[in-house]
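my_file-v6.cif (mmCIF, C-alpha atoms) appears below.
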data_protein
#
loop_
_atom_site.label_atom_id
_atom_site.label_comp_id
_atom_site.auth_asym_id
_atom_site.auth_seq_id
_atom_site.Cartn_x
_atom_site.Cartn_y
_atom_site.Cartn_z
CA MET A 1 9.99 10.40 13.14
CA SER A 2 12.49 10.67 10.30
CA ASP A 3 11.18 10.62 6.74
CA ASP A 4 14.37 8.88 5.53
CA HIS A 5 12.36 5.78 4.61
CA TYR A 6 10.33 7.76 2.06
CA PHE A 7 13.32 8.68 -0.07
CA SER A 8 16.18 6.26 0.54
CA ALA A 9 16.86 2.94 -1.10
CA GLN A 10 19.25 2.30 1.79
CA PRO A 11 18.24 4.15 4.97
CA ALA A 12 20.96 5.81 7.03
CA SER A 13 19.67 4.51 10.36
CA PRO A 14 21.25 1.34 11.81
CA ASP A 15 19.69 -1.88 10.55
CA GLU A 16 18.86 -3.20 14.01
CA ARG A 17 16.34 -6.00 13.53
CA ARG A 18 13.73 -6.82 16.16
CA THR A 19 10.36 -8.54 16.34
CA ILE A 20 6.94 -7.14 17.15
CA SER A 21 3.60 -8.81 17.85
CA VAL A 22 0.76 -7.78 15.55
CA THR A 23 -2.65 -9.07 14.52
CA LEU A 24 -3.34 -9.19 10.77
CA ALA A 25 -6.47 -10.69 9.22
CA GLY A 26 -7.34 -12.16 12.61
CA LYS A 27 -3.98 -13.89 12.97
CA ASP A 28 -1.65 -13.15 15.90
CA LEU A 29 1.81 -12.93 14.37
CA THR A 30 5.40 -12.22 15.35
CA LEU A 31 7.03 -10.22 12.57
CA GLU A 32 10.40 -8.64 11.93
CA THR A 33 10.98 -4.91 11.69
CA ALA A 34 13.78 -2.34 11.97
CA PRO A 35 14.47 1.39 12.06
CA GLY A 36 14.48 3.20 8.74
CA VAL A 37 11.10 1.90 7.58
CA PHE A 38 7.64 3.39 7.99
CA SER A 39 5.98 2.76 11.38
CA PRO A 40 8.50 0.16 12.59
CA ASP A 41 6.93 -0.37 16.01
CA HIS A 42 3.30 -1.13 15.13
CA VAL A 43 0.66 -1.12 12.42
CA ASP A 44 0.03 2.60 12.01
CA ARG A 45 -3.45 4.04 12.51
CA GLY A 46 -4.06 4.90 8.86
CA THR A 47 -3.23 1.38 7.74
CA GLN A 48 -5.55 0.00 10.42
CA VAL A 49 -8.39 2.14 9.04
CA LEU A 50 -7.67 0.99 5.48
CA LEU A 51 -7.59 -2.69 6.45
CA ARG A 52 -10.89 -2.40 8.32
CA THR A 53 -12.53 -0.66 5.36
CA ALA A 54 -11.35 -2.30 2.16
CA PRO A 55 -13.15 -5.49 1.08
CA ASN A 56 -11.19 -8.66 0.49
CA PRO A 57 -9.03 -8.20 -2.61
CA HIS A 58 -8.96 -10.53 -5.59
CA GLY A 59 -6.82 -11.32 -8.59
CA ARG A 60 -3.72 -9.20 -9.06
CA VAL A 61 -3.17 -6.99 -6.02
CA LEU A 62 -0.69 -4.11 -5.61
CA ASP A 63 0.51 -2.79 -2.25
CA LEU A 64 1.98 0.60 -3.15
CA GLY A 65 4.57 1.60 -0.52
CA CYS A 66 4.63 -1.70 1.34
CA GLY A 67 7.07 -0.99 4.20
CA TRP A 68 7.62 -4.09 6.35
CA GLY A 69 4.42 -5.56 4.98
CA PRO A 70 1.18 -5.15 6.97
CA ILE A 71 -0.95 -4.35 3.92
CA ALA A 72 0.55 -6.95 1.59
CA LEU A 73 0.44 -9.64 4.27
CA THR A 74 -3.17 -8.86 5.15
CA ALA A 75 -4.19 -9.02 1.50
CA ALA A 76 -2.39 -12.34 1.09
CA LEU A 77 -3.97 -13.77 4.25
CA ARG A 78 -7.48 -12.63 3.41
CA SER A 79 -7.29 -13.79 -0.21
CA PRO A 80 -4.88 -16.75 -0.50
CA HIS A 81 -5.77 -17.27 -4.17
CA ALA A 82 -4.73 -13.75 -5.14
CA ASN A 83 -1.31 -12.67 -6.40
CA VAL A 84 0.23 -9.77 -4.50
CA THR A 85 2.91 -7.38 -5.71
CA ALA A 86 4.44 -5.17 -3.01
CA VAL A 87 6.58 -2.21 -4.04
CA ASP A 88 8.78 0.18 -2.10
CA VAL A 89 11.86 2.27 -2.82
CA ASN A 90 13.31 1.16 0.53
CA GLU A 91 15.41 -1.99 0.11
CA ARG A 92 15.42 -2.64 3.86
CA ALA A 93 11.63 -2.62 3.86
CA LEU A 94 11.53 -5.10 1.00
CA ASP A 95 13.94 -7.43 2.80
CA LEU A 96 11.80 -7.23 5.94
CA LEU A 97 8.69 -8.05 3.94
CA CYS A 98 10.37 -11.12 2.43
CA ARG A 99 11.39 -12.30 5.88
CA ASN A 100 7.89 -11.71 7.17
CA VAL A 101 6.39 -13.68 4.29
CA GLU A 102 8.47 -16.64 5.46
CA ARG A 103 7.27 -16.15 9.04
CA VAL A 104 3.61 -16.02 8.06
CA ASN A 105 3.86 -18.89 5.58
CA ALA A 106 4.97 -21.08 8.47
CA VAL A 107 1.67 -20.60 10.30
CA ALA A 108 -1.06 -19.70 7.76
CA PRO A 109 -1.99 -20.05 4.07
CA LEU A 110 -0.71 -17.05 2.19
CA ALA A 111 -1.11 -15.83 -1.38
CA PRO A 112 2.13 -15.42 -3.35
CA ILE A 113 3.82 -12.08 -2.67
CA VAL A 114 6.43 -10.54 -4.97
CA ALA A 115 8.44 -7.75 -3.33
CA ALA A 116 10.04 -5.31 -5.77
CA VAL A 117 11.40 -1.83 -6.24
CA PRO A 118 9.01 0.19 -8.43
CA ASP A 119 11.14 0.10 -11.58
CA ALA A 120 11.30 -3.72 -11.45
CA VAL A 121 7.55 -4.02 -12.05
CA PRO A 122 6.89 -4.49 -15.78
CA VAL A 123 5.31 -1.37 -17.26
CA ASP A 124 2.53 -3.40 -18.86
CA GLN A 125 1.54 -5.19 -15.64
CA ARG A 126 -2.02 -4.39 -14.59
CA PHE A 127 -3.73 -4.81 -11.22
CA ASP A 128 -7.28 -5.64 -10.19
CA VAL A 129 -6.88 -4.05 -6.76
CA ILE A 130 -4.52 -1.44 -5.32
CA TRP A 131 -4.26 -0.95 -1.55
CA SER A 132 -2.08 1.90 -0.33
CA ASN A 133 -1.25 4.13 2.57
CA PRO A 134 0.59 6.49 0.21
CA PRO A 135 3.64 8.49 1.31
CA ILE A 136 1.98 11.87 1.81
CA ARG A 137 5.13 13.42 3.28
CA ILE A 138 7.04 13.19 0.02
CA GLY A 139 5.15 16.35 -0.93
CA LYS A 140 2.21 17.19 -3.14
CA THR A 141 4.08 17.16 -6.45
CA ALA A 142 5.88 13.86 -5.84
CA LEU A 143 2.72 12.23 -4.49
CA ARG A 144 0.72 13.24 -7.54
CA GLU A 145 3.45 11.92 -9.83
CA LEU A 146 3.37 8.63 -7.92
CA LEU A 147 -0.40 8.28 -8.30
CA LEU A 148 -0.28 9.31 -11.96
CA LYS A 149 2.18 6.46 -12.50
CA TRP A 150 0.27 3.71 -10.70
CA LEU A 151 -3.48 4.39 -10.76
CA PRO A 152 -3.69 4.13 -14.57
CA ARG A 153 -2.33 0.60 -14.17
CA LEU A 154 -5.63 -0.60 -12.76
CA ALA A 155 -7.15 -3.21 -15.05
CA PRO A 156 -10.66 -2.58 -16.41
CA GLY A 157 -13.02 -3.12 -13.48
CA GLY A 158 -10.19 -2.61 -11.00
CA VAL A 159 -10.40 -0.51 -7.85
CA ALA A 160 -7.85 1.32 -5.67
CA TYR A 161 -8.29 2.03 -1.96
CA LEU A 162 -6.12 4.83 -0.55
CA VAL A 163 -6.00 5.98 3.07
CA VAL A 164 -5.00 9.59 3.68
CA GLN A 165 -4.91 11.66 6.85
CA LYS A 166 -7.56 14.38 6.85
CA ASN A 167 -5.24 17.12 8.10
CA LEU A 168 -2.60 16.19 5.50
CA GLY A 169 -4.87 16.93 2.58
CA ALA A 170 -7.22 13.99 2.08
CA ASP A 171 -10.08 16.15 0.81
CA SER A 172 -7.93 18.19 -1.59
CA LEU A 173 -6.34 14.99 -2.88
CA MET A 174 -9.78 13.49 -3.53
CA ALA A 175 -10.81 16.62 -5.45
CA TRP A 176 -7.62 16.47 -7.53
CA LEU A 177 -8.09 12.76 -8.25
CA ALA A 178 -11.66 13.42 -9.40
CA ASP A 179 -10.59 16.31 -11.63
CA ILE A 180 -7.76 14.36 -13.23
CA GLY A 181 -9.92 11.29 -13.75
CA GLU A 182 -12.68 13.31 -15.38
CA GLY A 183 -10.34 15.45 -17.44
CA THR A 184 -7.96 12.82 -18.76
CA GLY A 185 -9.69 9.48 -18.39
CA ALA A 186 -6.64 8.15 -16.51
CA TRP A 187 -9.07 6.58 -14.04
CA GLY A 188 -12.78 6.69 -13.31
CA HIS A 189 -15.03 7.59 -10.38
CA VAL A 190 -13.50 8.75 -7.09
CA GLU A 191 -15.32 8.76 -3.74
CA LYS A 192 -14.73 8.81 0.00
CA ILE A 193 -16.03 5.57 1.49
CA ALA A 194 -14.93 5.91 5.13
CA SER A 195 -13.71 8.43 7.67
CA ALA A 196 -12.26 7.34 11.01
CA LYS A 197 -9.61 8.47 13.50
CA GLY A 198 -8.67 11.47 11.36
CA PHE A 199 -8.25 9.46 8.15
CA ARG A 200 -10.23 9.22 4.93
CA VAL A 201 -10.40 6.10 2.76
CA LEU A 202 -10.72 7.00 -0.91
CA ARG A 203 -11.99 4.58 -3.55
CA VAL A 204 -10.80 5.05 -7.12
CA GLU A 205 -12.36 3.05 -9.94
CA ALA A 206 -10.46 2.06 -13.03
CA ALA A 207 -11.02 3.95 -16.25
CA GLN A 208 -13.41 2.22 -18.61
CA ALA A 209 -11.86 0.06 -21.28
CA SER A 210 -11.67 1.80 -24.65
#
Is it possible to express this structure as C-alpha cells?
Amino acid sequence: MSDDHYFSAQPASPDERRTISVTLAGKDLTLETAPGVFSPDHVDRGTQVLLRTAPNPHGRVLDLGCGWGPIALTAALRSPHANVTAVDVNERALDLLCRNVERVNAVAPLAPIVAAVPDAVPVDQRFDVIWSNPPIRIGKTALRELLLKWLPRLAPGGVAYLVVQKNLGADSLMAWLADIGEGTGAWGHVEKIASAKGFRVLRVEAAQAS
C-alpha cells in the first residue's frame, strides 16, 4: 500500500470514488471512500481495536489523522452531544469525511464534526479527548513531532487514546511518551490499557493544570 496519503495534501492516485459497507457504533452504513487515503477498503484492524477499547468520548473531541472518517464518525455517533474536530493533511480524506458526515446524518443522530487541515485548528483550542490511529509510517522523528504538537493540547482532565501496532514500535513509543511526560510536564501518566491483534492501545492523561 502506498504511503502517499501520509504526506500529500493532494494524493497522486486517481480520485475514483466508491462506496463501502461498514458498521460503526452499531450502525450499518454505506460510506464513500477513494484511493489515496488510509485503508480505503475497510476499517483497518488497528482502528477496530481502538474503537472497541476507548470509552465513549465527551466534550471536545479530536480525531488526529482522520482519513475518510471511521474514528470521527464513531465518536460522533456514540456521543451526539460532543463536538468533534477531525484533522488530516490529506484534502481528499477531508472531503470524503464531509461527504460521509452527510450520509450518516441522514440516518442517525450525529455530533457536529469539523474537518480541517492541522494548521486551520486554532493554536489555543483544547480537547477533552483525543482518539488517534497515528501515522506511524511517517517515521519516528515526524511522529514524535506530531505528538509533541497535539498531546499538550489536552485540556486539564483530558485523555488521549492512541492505537499502535506492536511490531511498529508501540512499546518504545509508550516508553518515550512516559519519559517526555515525566521530564517536561507536557502531559501526565501514560499506560497500556489493551493489547489485541498485534496492536497496543495507549492511554495518555493530560498534564495537571498549573
Self-check item: Residues matched by the PyMOL selection byres ((chain A and resi 123) around 12) as a PyMOL selection string
Solution: chain A and resi 118-122+124-127+149-150+152-154
Quiz prompt | Distance criterion (only C-alpha atoms): nearest to Arg203 of chain A out of A:Ala160, A:Ala75, A:Ala186, A:Leu96 | solution =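 Under the stated criterion, the closest residue is A:Ala160.
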Exercise. Run through the PyMOL selection byres ((chain A and resi 40) around 12) on the given coordinates and return the selected residues as a PyMOL selection string.
Key: chain A and resi 1-2+5+15-22+31-39+41-44+67-70+92-93+96-97
Emit the selected residues as a PDB file, keeping the file's coordinate frame, including C-alpha atoms.
ATOM      1  CA  MET A   1       9.990  10.400  13.140  1.00  0.00           C
ATOM      2  CA  SER A   2      12.490  10.670  10.300  1.00  0.00           C
ATOM      3  CA  HIS A   5      12.360   5.780   4.610  1.00  0.00           C
ATOM      4  CA  ASP A  15      19.690  -1.880  10.550  1.00  0.00           C
ATOM      5  CA  GLU A  16      18.860  -3.200  14.010  1.00  0.00           C
ATOM      6  CA  ARG A  17      16.340  -6.000  13.530  1.00  0.00           C
ATOM      7  CA  ARG A  18      13.730  -6.820  16.160  1.00  0.00           C
ATOM      8  CA  THR A  19      10.360  -8.540  16.340  1.00  0.00           C
ATOM      9  CA  ILE A  20       6.940  -7.140  17.150  1.00  0.00           C
ATOM     10  CA  SER A  21       3.600  -8.810  17.850  1.00  0.00           C
ATOM     11  CA  VAL A  22       0.760  -7.780  15.550  1.00  0.00           C
ATOM     12  CA  LEU A  31       7.030 -10.220  12.570  1.00  0.00           C
ATOM     13  CA  GLU A  32      10.400  -8.640  11.930  1.00  0.00           C
ATOM     14  CA  THR A  33      10.980  -4.910  11.690  1.00  0.00           C
ATOM     15  CA  ALA A  34      13.780  -2.340  11.970  1.00  0.00           C
ATOM     16  CA  PRO A  35      14.470   1.390  12.060  1.00  0.00           C
ATOM     17  CA  GLY A  36      14.480   3.200   8.740  1.00  0.00           C
ATOM     18  CA  VAL A  37      11.100   1.900   7.580  1.00  0.00           C
ATOM     19  CA  PHE A  38       7.640   3.390   7.990  1.00  0.00           C
ATOM     20  CA  SER A  39       5.980   2.760  11.380  1.00  0.00           C
ATOM     21  CA  ASP A  41       6.930  -0.370  16.010  1.00  0.00           C
ATOM     22  CA  HIS A  42       3.300  -1.130  15.130  1.00  0.00           C
ATOM     23  CA  VAL A  43       0.660  -1.120  12.420  1.00  0.00           C
ATOM     24  CA  ASP A  44       0.030   2.600  12.010  1.00  0.00           C
ATOM     25  CA  GLY A  67       7.070  -0.990   4.200  1.00  0.00           C
ATOM     26  CA  TRP A  68       7.620  -4.090   6.350  1.00  0.00           C
ATOM     27  CA  GLY A  69       4.420  -5.560   4.980  1.00  0.00           C
ATOM     28  CA  PRO A  70       1.180  -5.150   6.970  1.00  0.00           C
ATOM     29  CA  ARG A  92      15.420  -2.640   3.860  1.00  0.00           C
ATOM     30  CA  ALA A  93      11.630  -2.620   3.860  1.00  0.00           C
ATOM     31  CA  LEU A  96      11.800  -7.230   5.940  1.00  0.00           C
ATOM     32  CA  LEU A  97       8.690  -8.050   3.940  1.00  0.00           C
TER      33      LEU A  97
END
Using the chain letters and numbering of this document, enumerate as a tab-separated table (two decimals) with C-alpha atoms, in the frame of the given file the residues selected by the PyMOL selection byres ((chain A and resi 156) around 8).
chain	number	residue	atom	x	y	z
A	128	ASP	CA	-7.28	-5.64	-10.19
A	154	LEU	CA	-5.63	-0.60	-12.76
A	155	ALA	CA	-7.15	-3.21	-15.05
A	157	GLY	CA	-13.02	-3.12	-13.48
A	158	GLY	CA	-10.19	-2.61	-11.00
A	206	ALA	CA	-10.46	2.06	-13.03
A	207	ALA	CA	-11.02	3.95	-16.25
A	208	GLN	CA	-13.41	2.22	-18.61
A	209	ALA	CA	-11.86	0.06	-21.28
Self-check item: d(atom CA of Val190 of chain A, atom CA of Ala178 of chain A) in Å
Solution: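 That distance, rounded to one decimal, is 5.5 Å.
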